[in-house]
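See structure below.
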Amino acid sequence: MSGLKKRNSNSSADREEDKQVTERMLAPSSGREKGDSNRDGGPGNDDKSPNNPAGGEGGEDGVVLKRTITLLNGVAIIVGTIIGSGIFVTPTGVVKETGSVGLSLVVWAVCGVFSTVGALCYAELGTTISKSGGDYAYILEVYGSLPAFLKLWIELLIIRPSSQYIVAYVFATYLLKPIFPVCPVPENGAKVVACLCILVLTFVNCYSVKAATRVQDFFAAAKLLALGLIIIIGFVKIGQGGTDGLLPENSFKGSKYEFGSLGLALYSGLFAYGGWNYLNFVTEEMIEPYKNLPRAIIISLPIVTVVYVLTNLAYFTTLSPEQMLGSEAVAVDFGNYHLGPMAWIIPVFVGLSCFGSVNGSLFTSSRLFFVGSREGHLPSLLSMIHPTLLTPLPSLIFTCLMTLLYAFSNDIFSVINFFSFFNWLCIAMAIVGMMWLRYKKPELERPIKVNILLPVSFVLACLFLIIVSFWKTPVECAIGFGIIATGIPVYLLGVRWKNKPKWLLHGIYSTTAMCQKVMEVVPQES
């Protein structure tokens with residue numbers, strides 16, 4: 001900190017030093033283009049090979065993001081990110097497409113197994129390419145700079161901030177609902193509370209990594225407690241009888257076995273499991289990632305699968321498929337039926353669940369942008385760290401600001417629908433890349449190596465989901481591709497264009513140095 005303050009002097013020597021520091025700080029970005037040569041972190045660079053990321057064990061004594069994420073924290077990140085508001089509010093997409101109780105429960109179980117297979121493949125990827133950044137880092141390593149940039153472009157422009165704002169808005173709605181019991185919650189009031197939620201969680205994440213992981217641990221436990229309460233009530237209801245509709249001979253009546261219906265049912269179920277790959281975004285901050293990354297995955301996914309299946313089973317003990325489809329908040333209706341004066345517990349737990357999901361998403365999103373900056377795809381300021389707090393302050397603030405911008409949008413869901421195929425496309429690319437690395441670089445250390453049938457079957461299933469998406473929503477997918485293409489000119493100007501004019505470089509250097517002083521952050525030491 002003292003070094004930063006000394007450079008605020010007005011002497012010409014200090015100004016010259018400041019200029020040299022900023023030039024050195026930004027210079028590495030000129031060599032990060034994979035299309036030209038070996039970018040930092042590329043296969044040809046021994047200092048940042050897939051198994052030796054910046055910020056790894058070797059740099060733990062400098063200004064780096066420390067390895068503080070334990071096995072419990074990893075489990076909380078996965079569970080807390082997957083379990084959002086959907087299972088409480090609208091777990092109806094699956095039953096709508098399947099048409100029956102039995103088939104919907106089968107689909108929930110299949111989606112859990114499918115997600116577990118994908119997560120196991122990502123365990124191999126995360127321990128082979130032991131960098132933070134998840135899909136982005138894997139696509140960058142295998143396919144090069146442009147595909148990785150386009151992935152990053154859509155994540156920072158739409159997917160991450162919009163999803164974070166939506167969940168924060170749901171949190172605000174449930175928080176304010178007791179104040180407006182007989183009328184809709186005012187939209188502007190909910191927006192203000194949603195923005196406050198995002199600001200508070202950004203502050204917590206900026207202040208301390210441990211504080212952020214403790215918040216995640218607490219709210220993940222609160223979600224499991226709430227769903228455990230619903231499951232217990234469901235079993236009590238089954239024990240009391242009167243649930244003949246759940247018997248095998250009755251539960252599959254009205255099932256829809258058409259190709260399109262099953263595809264959309266799987267899509268809805270897998271959307272609810274979204275987030276199983278989020279721990280891979282923070283691999284470099286995990287304690288013993290070779291052990292704890294796969295352990296966290298193996299623990300988390302079966303827990304979520306069992307909880308999801310049993311929660312839906314509990315709902316069906318009280319609500320028919322038709323009642324579920326007509327409900328605005330399934331868990332709240334379930335609680336009103338069984339809990340009487342204590343029914344307020346369920347909305348509170350829904351709010352807590354959303355709050356925890358926003359925290360987990362902010363935590364992992366900031367690391368994605370941090371890694372993108374470190375690889376030269378975003379401004380270098382975003383890969384800087386506060387030397388005392390040891391948190392990626394600029395990338396957290398950037399994530400917060402991008403999320404808050406969506407408070408001015410009135411139709412977020414239509415934007416997200418344009419990218420229904422994009423997530424599965426990127427996941428399929430990453431896992432195909434894993435198989436390619438097995439063939440091309442068999443010498444890489446692989447603490448975990450899954451059976452080849454798992455990635456092959458998973459990629460085929462991803463292709464099925466992508467085909468269903470294009471078949472059912474061709475216009476939205478075409479618009480999505482158009483929006484993705486807007487990243488190409490940004491890439492050419494910002495990343496590919498190396499010989500920028502001096503006045504532009506000077507402006508970038510000066511702006512970066514000014515922001516660096518304001519935030520009191522420094523480049524990561526590696």
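Letters A, B, ... go to the chains of the structure tokens in the order shown; residues in each chain start at 1; ligands are counted from 1 in the same order.
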Residues of range 293-401 of chain A that have any atom at most 7 Å from an atom of range 114-126 of chain A: could you tabulate them with the shortest-distance atom pair and the distance in Å to one decimal, using only C-alpha atoms, ordered by chain and increasing number, as a tab-separated table?
residue	atom	partner	partner_atom	distance
A:Leu293	CA	A:Ala123	CA	6.4
A:Pro294	CA	A:Ala123	CA	5.2
A:Ile297	CA	A:Ala119	CA	6.4
A:Leu301	CA	A:Thr116	CA	5.7
**Message:** Using only C-alpha atoms, which protein or nucleic acid residues come within 12 Å of Leu229 in chain A? Drop anything in the same chain fewer than 2 positions from it, and give the result as a VMD selection string.
**Reply:** chain A and resid 222 to 227 231 to 236 307 310 to 311 314 to 315 331 334 to 335 338 to 339 343 345 to 346 349
**Message:** I need the residue nearest Ser420 in chain A from this list: A:Ser268, A:Thr318, A:Thr98, A:Ser380. Use only C-alpha atoms for the distance.
**Reply:**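 Ranked by minimum distance to Ser420 in chain A, first place goes to A:Ser268.
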For Ser457 in chain A, find every residue with an atom within 12 Å (counting only C-alpha atoms), except residues of its own chain fewer than 2 positions away, and show them as an mmCIF file with all heavy atoms, in the first residue's frame.
data_model
loop_
_atom_site.group_PDB
_atom_site.id
_atom_site.type_symbol
_atom_site.label_atom_id
_atom_site.label_comp_id
_atom_site.auth_asym_id
_atom_site.auth_seq_id
_atom_site.Cartn_x
_atom_site.Cartn_y
_atom_site.Cartn_z
ATOM 1 N N VAL A 113 -28.334 -37.690 -13.123
ATOM 2 C CA VAL A 113 -27.265 -38.597 -13.565
ATOM 3 C C VAL A 113 -26.473 -37.961 -14.698
ATOM 4 O O VAL A 113 -25.227 -38.008 -14.728
ATOM 5 C CB VAL A 113 -27.863 -39.949 -14.009
ATOM 6 C CG1 VAL A 113 -26.789 -40.833 -14.644
ATOM 7 C CG2 VAL A 113 -28.502 -40.654 -12.826
ATOM 8 N N PHE A 114 -27.183 -37.340 -15.638
ATOM 9 C CA PHE A 114 -26.547 -36.664 -16.774
ATOM 10 C C PHE A 114 -25.605 -35.561 -16.279
ATOM 11 O O PHE A 114 -24.459 -35.445 -16.736
ATOM 12 C CB PHE A 114 -27.637 -36.080 -17.678
ATOM 13 C CG PHE A 114 -27.118 -35.346 -18.881
ATOM 14 C CD1 PHE A 114 -26.722 -36.040 -20.021
ATOM 15 C CD2 PHE A 114 -27.036 -33.966 -18.885
ATOM 16 C CE1 PHE A 114 -26.248 -35.359 -21.128
ATOM 17 C CE2 PHE A 114 -26.564 -33.282 -19.992
ATOM 18 C CZ PHE A 114 -26.168 -33.979 -21.119
ATOM 19 N N SER A 115 -26.070 -34.753 -15.343
ATOM 20 C CA SER A 115 -25.241 -33.670 -14.796
ATOM 21 C C SER A 115 -24.032 -34.228 -14.052
ATOM 22 O O SER A 115 -22.935 -33.660 -14.116
ATOM 23 C CB SER A 115 -26.073 -32.790 -13.854
ATOM 24 O OG SER A 115 -27.164 -32.204 -14.539
ATOM 25 N N VAL A 117 -22.464 -37.043 -14.760
ATOM 26 C CA VAL A 117 -21.508 -37.483 -15.778
ATOM 27 C C VAL A 117 -20.720 -36.286 -16.315
ATOM 28 O O VAL A 117 -19.483 -36.333 -16.449
ATOM 29 C CB VAL A 117 -22.243 -38.209 -16.930
ATOM 30 C CG1 VAL A 117 -21.295 -38.469 -18.098
ATOM 31 C CG2 VAL A 117 -22.830 -39.519 -16.436
ATOM 32 N N GLY A 118 -21.425 -35.200 -16.621
ATOM 33 C CA GLY A 118 -20.738 -34.000 -17.097
ATOM 34 C C GLY A 118 -19.771 -33.456 -16.067
ATOM 35 O O GLY A 118 -18.646 -33.041 -16.392
ATOM 36 N N CYS A 121 -16.595 -35.477 -15.981
ATOM 37 C CA CYS A 121 -15.729 -35.080 -17.099
ATOM 38 C C CYS A 121 -15.013 -33.772 -16.783
ATOM 39 O O CYS A 121 -13.817 -33.609 -17.083
ATOM 40 C CB CYS A 121 -16.541 -34.941 -18.384
ATOM 41 S SG CYS A 121 -17.268 -36.484 -18.998
ATOM 42 N N ALA A 428 -20.089 -28.941 -24.570
ATOM 43 C CA ALA A 428 -19.720 -30.008 -25.507
ATOM 44 C C ALA A 428 -18.332 -29.750 -26.092
ATOM 45 O O ALA A 428 -17.512 -30.681 -26.213
ATOM 46 C CB ALA A 428 -20.759 -30.114 -26.626
ATOM 47 N N ILE A 431 -15.641 -30.686 -23.522
ATOM 48 C CA ILE A 431 -15.450 -32.126 -23.298
ATOM 49 C C ILE A 431 -14.856 -32.795 -24.540
ATOM 50 O O ILE A 431 -14.041 -33.722 -24.427
ATOM 51 C CB ILE A 431 -16.769 -32.771 -22.858
ATOM 52 C CG1 ILE A 431 -17.163 -32.209 -21.489
ATOM 53 C CG2 ILE A 431 -16.651 -34.286 -22.799
ATOM 54 C CD1 ILE A 431 -18.434 -32.739 -20.915
ATOM 55 N N VAL A 432 -15.222 -32.323 -25.737
ATOM 56 C CA VAL A 432 -14.525 -32.790 -26.941
ATOM 57 C C VAL A 432 -13.039 -32.419 -26.844
ATOM 58 O O VAL A 432 -12.157 -33.219 -27.210
ATOM 59 C CB VAL A 432 -15.160 -32.176 -28.204
ATOM 60 C CG1 VAL A 432 -14.281 -32.438 -29.429
ATOM 61 C CG2 VAL A 432 -16.544 -32.763 -28.448
ATOM 62 N N ASN A 451 -13.815 -43.049 -17.703
ATOM 63 C CA ASN A 451 -14.011 -43.979 -18.806
ATOM 64 C C ASN A 451 -14.450 -43.210 -20.049
ATOM 65 O O ASN A 451 -15.301 -42.318 -19.977
ATOM 66 C CB ASN A 451 -15.070 -45.020 -18.424
ATOM 67 C CG ASN A 451 -15.187 -46.124 -19.453
ATOM 68 O OD1 ASN A 451 -15.624 -45.902 -20.582
ATOM 69 N ND2 ASN A 451 -14.802 -47.329 -19.059
ATOM 70 N N ILE A 452 -13.877 -43.545 -21.190
ATOM 71 C CA ILE A 452 -14.139 -42.802 -22.426
ATOM 72 C C ILE A 452 -15.613 -42.800 -22.812
ATOM 73 O O ILE A 452 -16.096 -41.887 -23.501
ATOM 74 C CB ILE A 452 -13.284 -43.368 -23.583
ATOM 75 C CG1 ILE A 452 -13.301 -42.439 -24.801
ATOM 76 C CG2 ILE A 452 -13.763 -44.768 -23.957
ATOM 77 C CD1 ILE A 452 -12.673 -41.098 -24.562
ATOM 78 N N LEU A 453 -16.373 -43.806 -22.364
ATOM 79 C CA LEU A 453 -17.800 -43.851 -22.691
ATOM 80 C C LEU A 453 -18.567 -42.680 -22.069
ATOM 81 O O LEU A 453 -19.580 -42.237 -22.618
ATOM 82 C CB LEU A 453 -18.406 -45.177 -22.214
ATOM 83 C CG LEU A 453 -17.937 -46.439 -22.953
ATOM 84 C CD1 LEU A 453 -18.562 -47.674 -22.322
ATOM 85 C CD2 LEU A 453 -18.283 -46.358 -24.438
ATOM 86 N N LEU A 454 -18.086 -42.183 -20.923
ATOM 87 C CA LEU A 454 -18.783 -41.069 -20.264
ATOM 88 C C LEU A 454 -18.724 -39.790 -21.087
ATOM 89 O O LEU A 454 -19.767 -39.193 -21.389
ATOM 90 C CB LEU A 454 -18.227 -40.860 -18.859
ATOM 91 C CG LEU A 454 -18.439 -41.995 -17.858
ATOM 92 C CD1 LEU A 454 -17.885 -41.621 -16.486
ATOM 93 C CD2 LEU A 454 -19.924 -42.335 -17.732
ATOM 94 N N PRO A 455 -17.526 -39.315 -21.501
ATOM 95 C CA PRO A 455 -17.528 -38.099 -22.324
ATOM 96 C C PRO A 455 -18.202 -38.275 -23.680
ATOM 97 O O PRO A 455 -18.853 -37.343 -24.168
ATOM 98 C CB PRO A 455 -16.033 -37.771 -22.474
ATOM 99 C CG PRO A 455 -15.309 -39.009 -22.143
ATOM 100 C CD PRO A 455 -16.170 -39.726 -21.150
ATOM 101 N N VAL A 459 -21.322 -35.937 -24.741
ATOM 102 C CA VAL A 459 -21.278 -35.060 -25.922
ATOM 103 C C VAL A 459 -22.458 -35.358 -26.842
ATOM 104 O O VAL A 459 -23.086 -34.433 -27.396
ATOM 105 C CB VAL A 459 -19.932 -35.223 -26.658
ATOM 106 C CG1 VAL A 459 -19.985 -34.539 -28.024
ATOM 107 C CG2 VAL A 459 -18.798 -34.633 -25.822
ATOM 108 N N LEU A 460 -22.779 -36.631 -27.030
ATOM 109 C CA LEU A 460 -23.932 -36.983 -27.869
ATOM 110 C C LEU A 460 -25.228 -36.409 -27.284
ATOM 111 O O LEU A 460 -26.085 -35.913 -28.025
ATOM 112 C CB LEU A 460 -24.038 -38.508 -28.000
ATOM 113 C CG LEU A 460 -22.929 -39.189 -28.812
ATOM 114 C CD1 LEU A 460 -23.086 -40.705 -28.760
ATOM 115 C CD2 LEU A 460 -22.945 -38.696 -30.259
ATOM 116 N N ALA A 461 -25.350 -36.466 -25.962
ATOM 117 C CA ALA A 461 -26.539 -35.904 -25.317
ATOM 118 C C ALA A 461 -26.577 -34.383 -25.484
ATOM 119 O O ALA A 461 -27.654 -33.799 -25.703
ATOM 120 C CB ALA A 461 -26.548 -36.267 -23.833
ATOM 121 N N CYS A 462 -25.421 -33.736 -25.410
ATOM 122 C CA CYS A 462 -25.361 -32.284 -25.634
ATOM 123 C C CYS A 462 -25.800 -31.935 -27.058
ATOM 124 O O CYS A 462 -26.532 -30.956 -27.270
ATOM 125 C CB CYS A 462 -23.945 -31.756 -25.385
ATOM 126 S SG CYS A 462 -23.459 -31.691 -23.653
ATOM 127 N N LEU A 463 -25.344 -32.734 -28.026
ATOM 128 C CA LEU A 463 -25.756 -32.501 -29.411
ATOM 129 C C LEU A 463 -27.264 -32.660 -29.561
ATOM 130 O O LEU A 463 -27.910 -31.891 -30.292
ATOM 131 C CB LEU A 463 -25.024 -33.470 -30.338
ATOM 132 C CG LEU A 463 -23.513 -33.257 -30.484
ATOM 133 C CD1 LEU A 463 -22.895 -34.344 -31.354
ATOM 134 C CD2 LEU A 463 -23.223 -31.878 -31.060
ATOM 135 N N PHE A 464 -27.834 -33.628 -28.857
ATOM 136 C CA PHE A 464 -29.282 -33.812 -28.879
ATOM 137 C C PHE A 464 -29.990 -32.564 -28.353
ATOM 138 O O PHE A 464 -30.965 -32.077 -28.950
ATOM 139 C CB PHE A 464 -29.650 -35.026 -28.031
ATOM 140 C CG PHE A 464 -31.117 -35.136 -27.719
ATOM 141 C CD1 PHE A 464 -32.019 -35.552 -28.688
ATOM 142 C CD2 PHE A 464 -31.599 -34.819 -26.452
ATOM 143 C CE1 PHE A 464 -33.377 -35.650 -28.400
ATOM 144 C CE2 PHE A 464 -32.951 -34.917 -26.161
ATOM 145 C CZ PHE A 464 -33.842 -35.336 -27.134
#
**Message:** Report as a PyMOL selection string all protein, DNA and RNA residues lying within 12 Å of Met429 in chain A, evaluated on only C-alpha atoms, omitting residues in the same chain fewer than 6 positions from it.
**Reply:** chain A and resi 122+125+135-144+147-148+151+422-423+435-436+455-456+458-460+462-463
Can those selected residues be exported to a file as a PDB file, in the first residue's frame so that it contains C-alpha atoms?
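Result written to selection.pdb:
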ATOM      1  CA  TYR A 122     -15.097 -31.583 -15.774  1.00  0.00           C
ATOM      2  CA  LEU A 125     -10.605 -31.275 -17.198  1.00  0.00           C
ATOM      3  CA  ASP A 135     -15.272 -23.550 -19.940  1.00  0.00           C
ATOM      4  CA  TYR A 136     -13.470 -20.392 -21.058  1.00  0.00           C
ATOM      5  CA  ALA A 137     -10.045 -21.694 -19.965  1.00  0.00           C
ATOM      6  CA  TYR A 138     -10.619 -25.104 -21.575  1.00  0.00           C
ATOM      7  CA  ILE A 139     -11.850 -23.646 -24.885  1.00  0.00           C
ATOM      8  CA  LEU A 140      -8.885 -21.259 -24.902  1.00  0.00           C
ATOM      9  CA  GLU A 141      -6.436 -24.094 -24.336  1.00  0.00           C
ATOM     10  CA  VAL A 142      -7.851 -26.347 -27.065  1.00  0.00           C
ATOM     11  CA  TYR A 143      -9.498 -24.141 -29.689  1.00  0.00           C
ATOM     12  CA  GLY A 144      -7.573 -20.888 -29.428  1.00  0.00           C
ATOM     13  CA  PRO A 147     -13.679 -19.045 -29.732  1.00  0.00           C
ATOM     14  CA  ALA A 148     -12.677 -18.422 -26.113  1.00  0.00           C
ATOM     15  CA  LYS A 151     -17.545 -17.401 -24.990  1.00  0.00           C
ATOM     16  CA  PHE A 422     -25.036 -21.683 -26.115  1.00  0.00           C
ATOM     17  CA  ASN A 423     -24.294 -23.243 -22.734  1.00  0.00           C
ATOM     18  CA  MET A 435     -10.833 -36.146 -25.494  1.00  0.00           C
ATOM     19  CA  TRP A 436      -8.598 -34.338 -27.986  1.00  0.00           C
ATOM     20  CA  PRO A 455     -17.528 -38.099 -22.324  1.00  0.00           C
ATOM     21  CA  VAL A 456     -18.685 -39.684 -25.591  1.00  0.00           C
ATOM     22  CA  PHE A 458     -22.312 -36.818 -22.709  1.00  0.00           C
ATOM     23  CA  VAL A 459     -21.278 -35.060 -25.922  1.00  0.00           C
ATOM     24  CA  LEU A 460     -23.932 -36.983 -27.869  1.00  0.00           C
ATOM     25  CA  CYS A 462     -25.361 -32.284 -25.634  1.00  0.00           C
ATOM     26  CA  LEU A 463     -25.756 -32.501 -29.411  1.00  0.00           C
TER      27      LEU A 463
END
Set the distance at 7 Å and use only C-alpha atoms: which residues neighbour range 356-362 of chain A once local chain neighbours fewer than 6 positions away are removed? I'd like the list as an mmCIF file with N, CA, C and O atoms, in the first residue's frame.
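Once everything was written out, this is result.cif:
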data_model
loop_
_atom_site.group_PDB
_atom_site.id
_atom_site.type_symbol
_atom_site.label_atom_id
_atom_site.label_comp_id
_atom_site.auth_asym_id
_atom_site.auth_seq_id
_atom_site.Cartn_x
_atom_site.Cartn_y
_atom_site.Cartn_z
ATOM 1 N N ILE A 77 -20.417 -24.250 -2.866
ATOM 2 C CA ILE A 77 -20.488 -23.496 -4.120
ATOM 3 C C ILE A 77 -21.340 -24.249 -5.140
ATOM 4 O O ILE A 77 -22.211 -23.663 -5.798
ATOM 5 N N GLY A 80 -25.023 -24.671 -3.607
ATOM 6 C CA GLY A 80 -25.660 -23.360 -3.473
ATOM 7 C C GLY A 80 -25.943 -22.690 -4.794
ATOM 8 O O GLY A 80 -26.885 -21.898 -4.911
ATOM 9 N N THR A 81 -25.131 -22.993 -5.812
ATOM 10 C CA THR A 81 -25.353 -22.390 -7.127
ATOM 11 C C THR A 81 -26.429 -23.141 -7.905
ATOM 12 O O THR A 81 -27.254 -22.531 -8.586
ATOM 13 N N GLY A 84 -31.325 -22.851 -6.824
ATOM 14 C CA GLY A 84 -31.710 -21.444 -6.781
ATOM 15 C C GLY A 84 -33.166 -21.307 -6.401
ATOM 16 O O GLY A 84 -33.654 -21.986 -5.495
ATOM 17 N N GLN A 164 -27.807 -13.193 -12.810
ATOM 18 C CA GLN A 164 -27.607 -12.698 -11.447
ATOM 19 C C GLN A 164 -28.694 -11.700 -11.063
ATOM 20 O O GLN A 164 -29.230 -11.743 -9.945
ATOM 21 N N VAL A 167 -32.171 -13.531 -10.408
ATOM 22 C CA VAL A 167 -32.252 -14.204 -9.116
ATOM 23 C C VAL A 167 -32.336 -13.169 -7.979
ATOM 24 O O VAL A 167 -33.084 -13.357 -7.011
ATOM 25 N N ALA A 168 -31.599 -12.071 -8.108
ATOM 26 C CA ALA A 168 -31.691 -11.001 -7.103
ATOM 27 C C ALA A 168 -33.090 -10.393 -7.082
ATOM 28 O O ALA A 168 -33.613 -10.039 -6.013
ATOM 29 N N LEU A 201 -23.641 -7.997 -1.550
ATOM 30 C CA LEU A 201 -22.850 -9.201 -1.797
ATOM 31 C C LEU A 201 -21.533 -8.870 -2.499
ATOM 32 O O LEU A 201 -20.518 -9.538 -2.260
ATOM 33 N N GLN A 216 -21.676 -18.374 1.507
ATOM 34 C CA GLN A 216 -22.114 -19.459 0.631
ATOM 35 C C GLN A 216 -22.431 -20.717 1.435
ATOM 36 O O GLN A 216 -23.434 -21.395 1.186
ATOM 37 N N PHE A 219 -25.857 -20.204 3.384
ATOM 38 C CA PHE A 219 -27.076 -20.194 2.581
ATOM 39 C C PHE A 219 -27.292 -21.522 1.860
ATOM 40 O O PHE A 219 -28.442 -21.905 1.600
ATOM 41 N N ALA A 220 -26.209 -22.240 1.549
ATOM 42 C CA ALA A 220 -26.384 -23.587 1.000
ATOM 43 C C ALA A 220 -27.037 -24.500 2.033
ATOM 44 O O ALA A 220 -27.932 -25.298 1.711
ATOM 45 N N THR A 399 -18.244 -6.885 -12.444
ATOM 46 C CA THR A 399 -19.377 -7.822 -12.434
ATOM 47 C C THR A 399 -20.610 -7.163 -11.841
ATOM 48 O O THR A 399 -21.722 -7.308 -12.359
#
**Close residues, Phe171 in chain A itself excluded, 12 Å, only C-alpha atoms, min 3 positions apart in chain, as number ranges by chain** = A: 84-86, 88-89, 164-168, 174-177, 185, 190-198, 347-359
**Message:** Here is a test: counting only C-alpha atoms, which residue of A:Gly275, A:Pro442, A:Gly433, A:Pro394 is nearest to Ile83 in chain A?
**Reply:**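 Ranked by minimum distance to Ile83 in chain A, first place goes to A:Gly275.
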**Message:** Need the shell around Asp244 in chain A: protein/DNA/RNA residues with any atom at most 12 Å away, counting only C-alpha atoms. Skip same-chain ones fewer than 6 positions apart. Format as an MDAnalysis selection string?
**Reply:** chainID A and resid 101 237:238 250:251 316:318 320
Using only C-alpha atoms, which residues of range 175-291 of chain A come within 12 Å of range 367-379 of chain A, and what is the closest atom pair for each, with the distance in Å to one decimal? Give it as CSV, sorted by chain and residue number.
residue,atom,partner,partner_atom,distance
A:Asn205,CA,A:Arg367,CA,11.3
A:Val209,CA,A:Arg367,CA,11.6
A:Tyr278,CA,A:Leu368,CA,10.0
A:Leu279,CA,A:Arg367,CA,10.6
A:Asn280,CA,A:Leu368,CA,9.9
A:Phe281,CA,A:Leu368,CA,6.3
A:Val282,CA,A:Arg367,CA,6.5
A:Thr283,CA,A:Arg367,CA,9.8
A:Glu284,CA,A:Arg367,CA,9.7
A:Glu285,CA,A:Arg367,CA,9.8
With N, CA and C atoms kept, could you save the residues just selected as an mmCIF file, in the first residue's frame?
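Result went into selection_28.cif, see below:
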data_model
loop_
_atom_site.group_PDB
_atom_site.id
_atom_site.type_symbol
_atom_site.label_atom_id
_atom_site.label_comp_id
_atom_site.auth_asym_id
_atom_site.auth_seq_id
_atom_site.Cartn_x
_atom_site.Cartn_y
_atom_site.Cartn_z
ATOM 1 N N ASN A 205 -17.827 -9.888 -1.051
ATOM 2 C CA ASN A 205 -16.826 -10.567 -1.869
ATOM 3 C C ASN A 205 -15.556 -9.741 -2.020
ATOM 4 N N VAL A 209 -12.377 -13.245 0.787
ATOM 5 C CA VAL A 209 -12.769 -14.509 0.168
ATOM 6 C C VAL A 209 -13.410 -15.424 1.214
ATOM 7 N N TYR A 278 -19.573 -24.848 -11.915
ATOM 8 C CA TYR A 278 -19.093 -23.545 -11.439
ATOM 9 C C TYR A 278 -17.840 -23.647 -10.576
ATOM 10 N N LEU A 279 -17.618 -24.763 -9.921
ATOM 11 C CA LEU A 279 -16.418 -24.882 -9.095
ATOM 12 C C LEU A 279 -15.160 -24.837 -9.951
ATOM 13 N N ASN A 280 -15.261 -25.236 -11.230
ATOM 14 C CA ASN A 280 -14.110 -25.183 -12.130
ATOM 15 C C ASN A 280 -13.674 -23.756 -12.437
ATOM 16 N N PHE A 281 -14.503 -22.782 -12.125
ATOM 17 C CA PHE A 281 -14.121 -21.386 -12.347
ATOM 18 C C PHE A 281 -13.166 -20.871 -11.275
ATOM 19 N N VAL A 282 -13.000 -21.608 -10.190
ATOM 20 C CA VAL A 282 -12.154 -21.138 -9.083
ATOM 21 C C VAL A 282 -11.126 -22.200 -8.693
ATOM 22 N N THR A 283 -10.697 -23.011 -9.660
ATOM 23 C CA THR A 283 -9.774 -24.112 -9.378
ATOM 24 C C THR A 283 -8.504 -23.637 -8.694
ATOM 25 N N GLU A 284 -7.964 -22.498 -9.141
ATOM 26 C CA GLU A 284 -6.691 -22.007 -8.607
ATOM 27 C C GLU A 284 -6.783 -21.569 -7.152
ATOM 28 N N GLU A 285 -7.987 -21.377 -6.645
ATOM 29 C CA GLU A 285 -8.148 -20.952 -5.253
ATOM 30 C C GLU A 285 -8.523 -22.103 -4.332
#
**Message:** Among range 77-286 of chain A, which residues does DSSP mark as helix (DSSP H, G or I) when it is run on the backbone? Keep the chain and numbering as in the structure and answer as a PyMOL selection string.
**Reply:** chain A and resi 77-82+86-89+93-98+101-128+135-143+145-179+187-207+209-240+244-246+248-251+259-272+278-285
**Message:** Using Å and a single decimal, report how far CA of Leu262 in chain A sits from CA of Glu97 in chain A.
**Reply:**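 These atoms are spaced 6.7 Å apart.
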**Fill in**
re CA of Cys206 in chain A and CA of Cys426 in chain A: distance 28.9 Å
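Ranking A:Ile484, A:Asn336, A:Leu381, A:Glu476 by their shortest atom-to-atom distance to Thr512 in chain A, with only C-alpha atoms included, puts A:Leu381 first.
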